[in-house]
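Structure data (CSV, C-alpha atoms) from data04.csv:
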chain,number,residue,atom,x,y,z
A,24,MET,CA,86.0,103.8,69.8
A,25,LYS,CA,89.8,103.5,69.7
A,26,SER,CA,90.1,106.8,67.9
A,27,ARG,CA,88.1,108.6,70.6
A,28,ARG,CA,90.3,107.1,73.3
A,29,LEU,CA,93.4,108.2,71.3
A,30,ILE,CA,92.1,111.7,70.9
A,31,GLY,CA,91.2,111.9,74.6
A,32,THR,CA,94.6,110.7,75.6
A,33,LEU,CA,96.3,113.3,73.4
A,34,ALA,CA,94.1,116.1,74.7
A,35,GLY,CA,94.8,115.1,78.3
A,36,PHE,CA,98.5,114.9,77.6
A,37,SER,CA,98.6,118.4,76.0
A,38,LEU,CA,96.6,119.8,79.0
A,39,LEU,CA,99.2,118.3,81.3
A,40,LEU,CA,102.1,119.8,79.4
A,41,GLY,CA,100.3,123.1,79.1
A,42,GLY,CA,99.6,123.2,82.8
A,43,SER,CA,103.2,122.4,83.8
A,44,GLY,CA,104.4,125.0,81.3
A,45,ALA,CA,102.2,127.6,83.0
A,46,ILE,CA,103.4,126.6,86.4
A,47,ALA,CA,107.1,126.9,85.3
A,48,LEU,CA,106.4,130.3,83.7
A,49,SER,CA,104.7,131.7,86.8
A,50,ALA,CA,107.6,130.4,88.9
A,51,MET,CA,110.1,132.2,86.6
A,52,GLU,CA,108.1,135.4,86.8
A,53,ALA,CA,108.2,135.2,90.6
A,54,GLY,CA,111.9,134.7,90.5
A,55,ILE,CA,111.8,131.3,92.0
A,56,ALA,CA,113.5,129.3,89.2
A,57,ALA,CA,117.2,129.5,88.6
A,58,PRO,CA,118.5,130.7,85.2
A,59,GLU,CA,118.6,127.8,82.7
A,60,ASN,CA,122.3,128.3,81.9
A,61,GLY,CA,123.3,127.5,85.5
A,62,MET,CA,124.9,130.9,86.0
A,63,GLU,CA,123.8,133.0,89.0
A,64,MET,CA,122.4,136.4,88.5
A,65,PRO,CA,124.3,139.4,90.0
A,66,HIS,CA,123.1,140.5,93.4
A,67,GLY,CA,120.1,142.9,93.1
A,68,SER,CA,119.2,142.0,89.5
A,69,THR,CA,116.0,140.4,88.5
A,70,SER,CA,115.2,137.9,85.7
A,71,ASN,CA,113.1,140.5,84.0
A,72,GLN,CA,115.6,142.5,81.9
A,73,GLU,CA,114.7,146.1,80.9
A,74,PHE,CA,115.1,147.4,77.4
A,75,GLN,CA,117.9,149.8,76.9
A,76,LYS,CA,117.5,153.0,75.0
A,77,ILE,CA,119.6,153.3,71.9
A,78,ASP,CA,120.0,156.8,70.6
A,79,GLN,CA,119.7,157.2,66.8
A,80,PRO,CA,121.3,160.1,64.9
A,81,LEU,CA,118.9,162.9,64.0
A,82,GLY,CA,119.3,162.1,60.2
A,83,VAL,CA,118.0,158.6,60.7
A,84,LYS,CA,115.0,159.8,62.7
A,85,LEU,CA,114.1,162.4,60.1
A,86,GLY,CA,114.6,159.9,57.2
A,87,VAL,CA,112.3,157.3,58.8
A,88,THR,CA,109.7,160.0,59.6
A,89,ALA,CA,109.8,161.3,56.0
A,90,ALA,CA,109.5,157.8,54.6
A,91,GLY,CA,106.4,157.1,56.8
A,92,VAL,CA,104.8,160.4,55.8
A,93,GLY,CA,105.5,159.7,52.2
A,94,LEU,CA,103.9,156.2,52.3
A,95,ILE,CA,100.8,157.6,54.1
A,96,GLY,CA,100.5,160.3,51.4
A,97,LEU,CA,100.9,157.6,48.6
A,98,GLU,CA,98.1,155.5,50.2
A,99,LEU,CA,95.8,158.5,50.5
A,100,TRP,CA,96.4,159.4,46.9
A,101,TRP,CA,95.8,155.8,45.8
A,102,PHE,CA,92.6,155.3,47.6
A,103,LEU,CA,91.1,158.8,47.6
A,104,GLY,CA,92.8,160.9,45.0
A,105,SER,CA,93.3,158.7,42.0
A,106,LYS,CA,90.6,159.4,39.4
A,107,PRO,CA,88.9,156.5,37.7
A,108,LYS,CA,89.7,155.8,34.1
A,109,ALA,CA,86.5,156.1,32.1
A,110,ARG,CA,85.8,155.0,28.6
A,111,LYS,CA,82.7,154.9,26.5
A,112,ALA,CA,81.7,151.6,24.9
A,113,GLN,CA,81.8,151.7,21.1
A,114,SER,CA,78.7,150.6,19.2
A,115,GLN,CA,79.4,147.9,16.6
A,116,LYS,CA,76.6,146.1,14.8
A,117,GLY,CA,74.0,147.1,17.4
A,118,ILE,CA,76.2,146.0,20.4
A,119,GLN,CA,78.1,148.3,22.7
A,120,GLU,CA,81.5,146.7,23.1
A,121,LEU,CA,84.6,147.5,25.1
A,122,ASP,CA,87.8,145.7,26.0
A,123,ILE,CA,88.9,145.7,29.6
A,124,ALA,CA,92.4,144.7,30.7
A,125,VAL,CA,92.6,142.8,34.0
A,126,ASP,CA,96.1,143.6,35.3
A,127,GLY,CA,96.4,144.7,38.9
A,128,GLY,CA,92.8,146.0,38.6
A,129,TYR,CA,90.5,146.9,35.7
A,130,GLU,CA,91.5,149.2,32.9
A,131,PRO,CA,89.3,151.1,32.2
A,132,ASN,CA,87.5,150.9,35.6
A,133,ARG,CA,84.6,153.1,34.6
A,134,ILE,CA,82.5,152.1,31.5
A,135,VAL,CA,79.9,154.3,30.0
A,136,VAL,CA,77.0,152.6,28.1
A,137,GLN,CA,73.5,153.5,27.0
A,138,ALA,CA,70.4,151.9,28.5
A,139,GLY,CA,68.3,149.6,26.3
A,140,GLN,CA,71.2,148.4,24.1
A,141,PRO,CA,73.1,145.1,24.4
A,142,VAL,CA,76.6,145.4,26.0
A,143,ARG,CA,79.5,143.1,25.5
A,144,LEU,CA,82.5,143.6,27.9
A,145,ASN,CA,85.6,141.7,26.8
A,146,PHE,CA,87.8,141.0,29.9
A,147,PHE,CA,91.4,140.0,29.2
A,148,ARG,CA,93.1,138.8,32.3
A,149,LYS,CA,96.9,139.2,32.4
A,150,ASP,CA,97.4,139.2,36.2
A,151,PRO,CA,97.8,135.7,37.8
A,152,THR,CA,96.6,137.0,41.2
A,153,GLY,CA,93.9,134.6,42.6
A,154,CYS,CA,91.7,137.6,43.5
A,155,LEU,CA,91.2,138.5,39.8
A,156,GLU,CA,90.2,135.0,38.7
A,157,GLN,CA,86.5,136.0,38.8
A,158,VAL,CA,84.5,139.1,38.0
A,159,LEU,CA,81.2,139.8,39.7
A,160,ILE,CA,78.4,142.1,38.4
A,161,PRO,CA,75.8,141.6,41.1
A,162,ASP,CA,73.1,143.9,39.7
A,163,PHE,CA,73.0,141.8,36.5
A,164,ARG,CA,73.5,138.5,38.4
A,165,ILE,CA,76.7,137.8,36.6
A,166,ALA,CA,79.6,135.8,38.1
A,167,LYS,CA,82.2,134.8,35.5
A,168,ASP,CA,85.6,133.1,35.8
A,169,LEU,CA,88.4,134.8,33.9
A,170,PRO,CA,91.0,132.4,32.6
A,171,LEU,CA,94.6,133.7,32.5
A,172,ASN,CA,95.7,135.2,29.1
A,173,LYS,CA,92.3,134.6,27.5
A,174,ARG,CA,89.5,136.9,26.4
A,175,THR,CA,86.2,136.4,28.2
A,176,ALA,CA,83.1,138.1,26.9
A,177,ILE,CA,80.3,139.1,29.2
A,178,GLU,CA,77.0,140.2,27.6
A,179,PHE,CA,73.9,141.8,29.2
A,180,THR,CA,71.4,144.5,28.4
A,181,PRO,CA,71.0,147.3,31.0
A,182,GLN,CA,67.5,148.7,31.1
A,183,GLN,CA,67.7,151.4,33.7
A,184,PRO,CA,70.2,154.3,33.9
A,185,GLY,CA,72.5,154.3,37.0
A,186,ASP,CA,75.8,153.2,38.3
A,187,TYR,CA,76.3,149.4,38.5
A,188,PRO,CA,79.5,148.2,40.3
A,189,PHE,CA,81.6,145.2,39.3
A,190,THR,CA,84.3,143.7,41.4
A,191,CYS,CA,86.8,140.9,41.6
A,192,GLY,CA,85.9,137.7,43.5
A,193,MET,CA,87.2,139.1,46.8
A,194,ASN,CA,85.8,142.6,46.4
A,195,MET,CA,89.2,144.2,46.4
A,196,TYR,CA,89.3,145.5,42.8
A,197,ARG,CA,86.3,147.5,41.6
A,198,GLY,CA,84.9,149.2,38.6
A,199,VAL,CA,81.6,150.9,37.6
A,200,ILE,CA,79.3,150.5,34.6
A,201,GLN,CA,77.6,153.8,34.2
A,202,VAL,CA,74.4,153.4,32.2
A,203,VAL,CA,73.0,156.6,30.7
A,204,SER,CA,69.7,157.2,29.0
A,205,SER,CA,69.9,158.0,25.3
A,206,SER,CA,67.4,160.9,25.9
A,207,GLN,CA,69.3,162.6,28.7
A,208,PRO,CA,72.6,164.5,28.4
A,209,LYS,CA,75.6,162.2,29.1
A,210,PRO,CA,77.5,163.8,32.0
A,211,SER,CA,80.4,161.4,31.9
A,212,GLU,CA,80.9,161.5,28.2
A,213,ALA,CA,83.2,164.5,28.5
A,214,GLN,CA,85.1,162.6,31.3
A,215,ALA,CA,85.2,159.4,29.1
A,216,SER,CA,86.4,161.2,26.0
A,217,ALA,CA,89.0,163.1,28.1
A,218,ALA,CA,90.3,159.7,29.4
A,219,THR,CA,90.7,158.2,26.0
Now, as a test, write the supplied structure out as C-alpha cells.
Amino acid sequence: MKSRRLIGTLAGFSLLLGGSGAIALSAMEAGIAAPENGMEMPHGSTSNQEFQKIDQPLGVKLGVTAAGVGLIGLELWWFLGSKPKARKAQSQKGIQELDIAVDGGYEPNRIVVQAGQPVRLNFFRKDPTGCLEQVLIPDFRIAKDLPLNKRTAIEFTPQQPGDYPFTCGMNMYRGVIQVVSSSQPKPSEAQASAAT
C-alpha cells in the first residue's frame, strides 16, 4: 500500500511540474515573461529569434550535392544492383556440403543443391554483430545459433525443387537455397560455376 501511495505522489508531483512548465512556456511564447538573463530586449524585437541565412560558396554546395547523389547511387547499387554470389554444393560421401562464411552477411548467399539428397551447410561466423548470432531457415523449420569463430553444421534433406530463403535472426541479412531437380536442367549451375 505504501508503494502505491509513493507512486501516486510522484505522479502527481510530475504532473504539477509539467503543468507549471507548460504555463511558463506559453507565457514566454506570448511575450509576457522577461528574458532569463535580466537584460531587456531592444524595442520592437520579439523573443522569437529568426534564423539568419548564411551563404555558402558554390563549391561547397556542389560538393555536398555530389556526395549525396553518390551515396544514393551506392545504396541503390547495394540493394538492387549487386548480384548474389552463387555456389553449388559439392557431393561428398552422399552428402551435398558447402562452407558459408558469416561476415557482414553470407558468402555465398545463393546455394544450389539437388532435391532428394542430404545437405550439410557449414556456417562459420566471423562477424561479432548480434544480428548474425542466429540463422533461420523457416521452410525447413531450422533455427540455429552460430557461435563466434566456430563452425556450425546444419543438415536437412530438401524434397521439392524451389527457392528456400535463409536469414539472420533479425531478417536483415539473407540468402537463398536453390533446390533443383536432378532430372531437370539446372538453370543456376552456369551462374554458380561462373561465381566460383
Next item on the list: Find the distance between atom CA of A:Gln140 and atom CA of A:Lys173 and write it in Å to one decimal.
Entry: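 Separation of atom CA of A:Gln140 and atom CA of A:Lys173: 25.4 Å.
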Note to self: Report as a ChimeraX atom specification all protein, DNA and RNA residues lying within 7 Å of A:Pro188, evaluated on all atoms listed in the file, omitting residues in the same chain fewer than 4 positions from it.
What the structure shows: /A:160,197-200
Check: If you count only C-alpha atoms, which residues fall within 7 Å of stretch 145-151 of chain A, apart from same-chain ones fewer than 5 positions away, as a PyMOL selection string?
Finding: chain A and resi 121-127+169-177
Note to self: Just want the 6 Å neighbourhood of A:Val203, counted on only C-alpha atoms, with same-chain residues fewer than 5 positions away dropped. Output as JSON, numbers by chain.
What the structure shows: {"A": [137, 138, 184]}
Notebook entry, point to check: So how many Å separate atom CA of A:Phe189 and atom CA of A:Pro161, to one decimal?
Noted result: 7.1 Å
Notebook entry, point to check: Distance atom CA of A:Leu155-atom CA of A:Gln115, one decimal place?
Noted result: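 Here the two named atoms are 27.7 Å from each other.
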Starting from the incomplete input, reconstruct N, CA and C atoms of stretch 127-156 of chain A and report them as a CSV table (one decimal), in the coordinates of the input.
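Generated file (result_19.csv):
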chain,number,residue,atom,x,y,z
A,127,GLY,N,96.3,143.9,37.7
A,127,GLY,CA,96.4,144.7,38.9
A,127,GLY,C,95.2,145.6,39.1
A,128,GLY,N,94.0,145.2,38.6
A,128,GLY,CA,92.8,146.0,38.6
A,128,GLY,C,92.1,145.9,37.2
A,129,TYR,N,91.2,146.8,37.0
A,129,TYR,CA,90.5,146.9,35.7
A,129,TYR,C,90.9,148.2,35.0
A,130,GLU,N,91.2,148.1,33.7
A,130,GLU,CA,91.5,149.2,32.9
A,130,GLU,C,90.7,149.2,31.6
A,131,PRO,N,89.8,150.0,31.4
A,131,PRO,CA,89.3,151.1,32.2
A,131,PRO,C,88.4,150.5,33.4
A,132,ASN,N,88.3,151.3,34.4
A,132,ASN,CA,87.5,150.9,35.6
A,132,ASN,C,86.2,151.6,35.7
A,133,ARG,N,85.9,152.4,34.7
A,133,ARG,CA,84.6,153.1,34.6
A,133,ARG,C,84.1,153.0,33.1
A,134,ILE,N,83.0,152.3,32.9
A,134,ILE,CA,82.5,152.1,31.5
A,134,ILE,C,81.2,152.8,31.3
A,135,VAL,N,81.1,153.6,30.3
A,135,VAL,CA,79.9,154.3,30.0
A,135,VAL,C,79.1,153.7,28.8
A,136,VAL,N,77.9,153.3,29.1
A,136,VAL,CA,77.0,152.6,28.1
A,136,VAL,C,75.7,153.2,28.1
A,137,GLN,N,74.9,153.0,27.1
A,137,GLN,CA,73.5,153.5,27.0
A,137,GLN,C,72.5,152.4,27.4
A,138,ALA,N,71.5,152.9,28.0
A,138,ALA,CA,70.4,151.9,28.5
A,138,ALA,C,69.6,151.4,27.2
A,139,GLY,N,69.1,150.2,27.4
A,139,GLY,CA,68.3,149.6,26.3
A,139,GLY,C,69.1,149.0,25.2
A,140,GLN,N,70.4,149.0,25.2
A,140,GLN,CA,71.2,148.4,24.1
A,140,GLN,C,72.1,147.3,24.7
A,141,PRO,N,72.2,146.2,23.9
A,141,PRO,CA,73.1,145.1,24.4
A,141,PRO,C,74.5,145.6,24.6
A,142,VAL,N,75.2,145.1,25.6
A,142,VAL,CA,76.6,145.4,26.0
A,142,VAL,C,77.4,144.1,26.0
A,143,ARG,N,78.6,144.2,25.4
A,143,ARG,CA,79.5,143.1,25.5
A,143,ARG,C,80.9,143.7,26.1
A,144,LEU,N,81.2,143.2,27.2
A,144,LEU,CA,82.5,143.6,27.9
A,144,LEU,C,83.5,142.4,27.7
A,145,ASN,N,84.6,142.7,27.1
A,145,ASN,CA,85.6,141.7,26.8
A,145,ASN,C,86.7,141.8,27.8
A,146,PHE,N,86.8,140.9,28.8
A,146,PHE,CA,87.8,141.0,29.9
A,146,PHE,C,89.0,140.1,29.4
A,147,PHE,N,90.2,140.7,29.5
A,147,PHE,CA,91.4,140.0,29.2
A,147,PHE,C,92.3,140.0,30.4
A,148,ARG,N,92.4,138.8,31.1
A,148,ARG,CA,93.1,138.8,32.3
A,148,ARG,C,94.6,138.5,32.1
A,149,LYS,N,95.5,139.4,32.5
A,149,LYS,CA,96.9,139.2,32.4
A,149,LYS,C,97.6,138.9,33.8
A,150,ASP,N,96.9,139.3,34.8
A,150,ASP,CA,97.4,139.2,36.2
A,150,ASP,C,97.1,137.8,36.8
A,151,PRO,N,98.1,137.0,37.2
A,151,PRO,CA,97.8,135.7,37.8
A,151,PRO,C,97.3,135.7,39.2
A,152,THR,N,97.1,136.9,39.8
A,152,THR,CA,96.6,137.0,41.2
A,152,THR,C,95.2,136.2,41.3
A,153,GLY,N,95.1,135.4,42.3
A,153,GLY,CA,93.9,134.6,42.6
A,153,GLY,C,92.7,135.5,42.7
A,154,CYS,N,92.8,136.7,43.3
A,154,CYS,CA,91.7,137.6,43.5
A,154,CYS,C,91.0,137.9,42.2
A,155,LEU,N,91.7,138.1,41.1
A,155,LEU,CA,91.2,138.5,39.8
A,155,LEU,C,90.7,137.3,39.0
A,156,GLU,N,90.6,136.1,39.5
A,156,GLU,CA,90.2,135.0,38.7
A,156,GLU,C,88.7,135.1,38.3
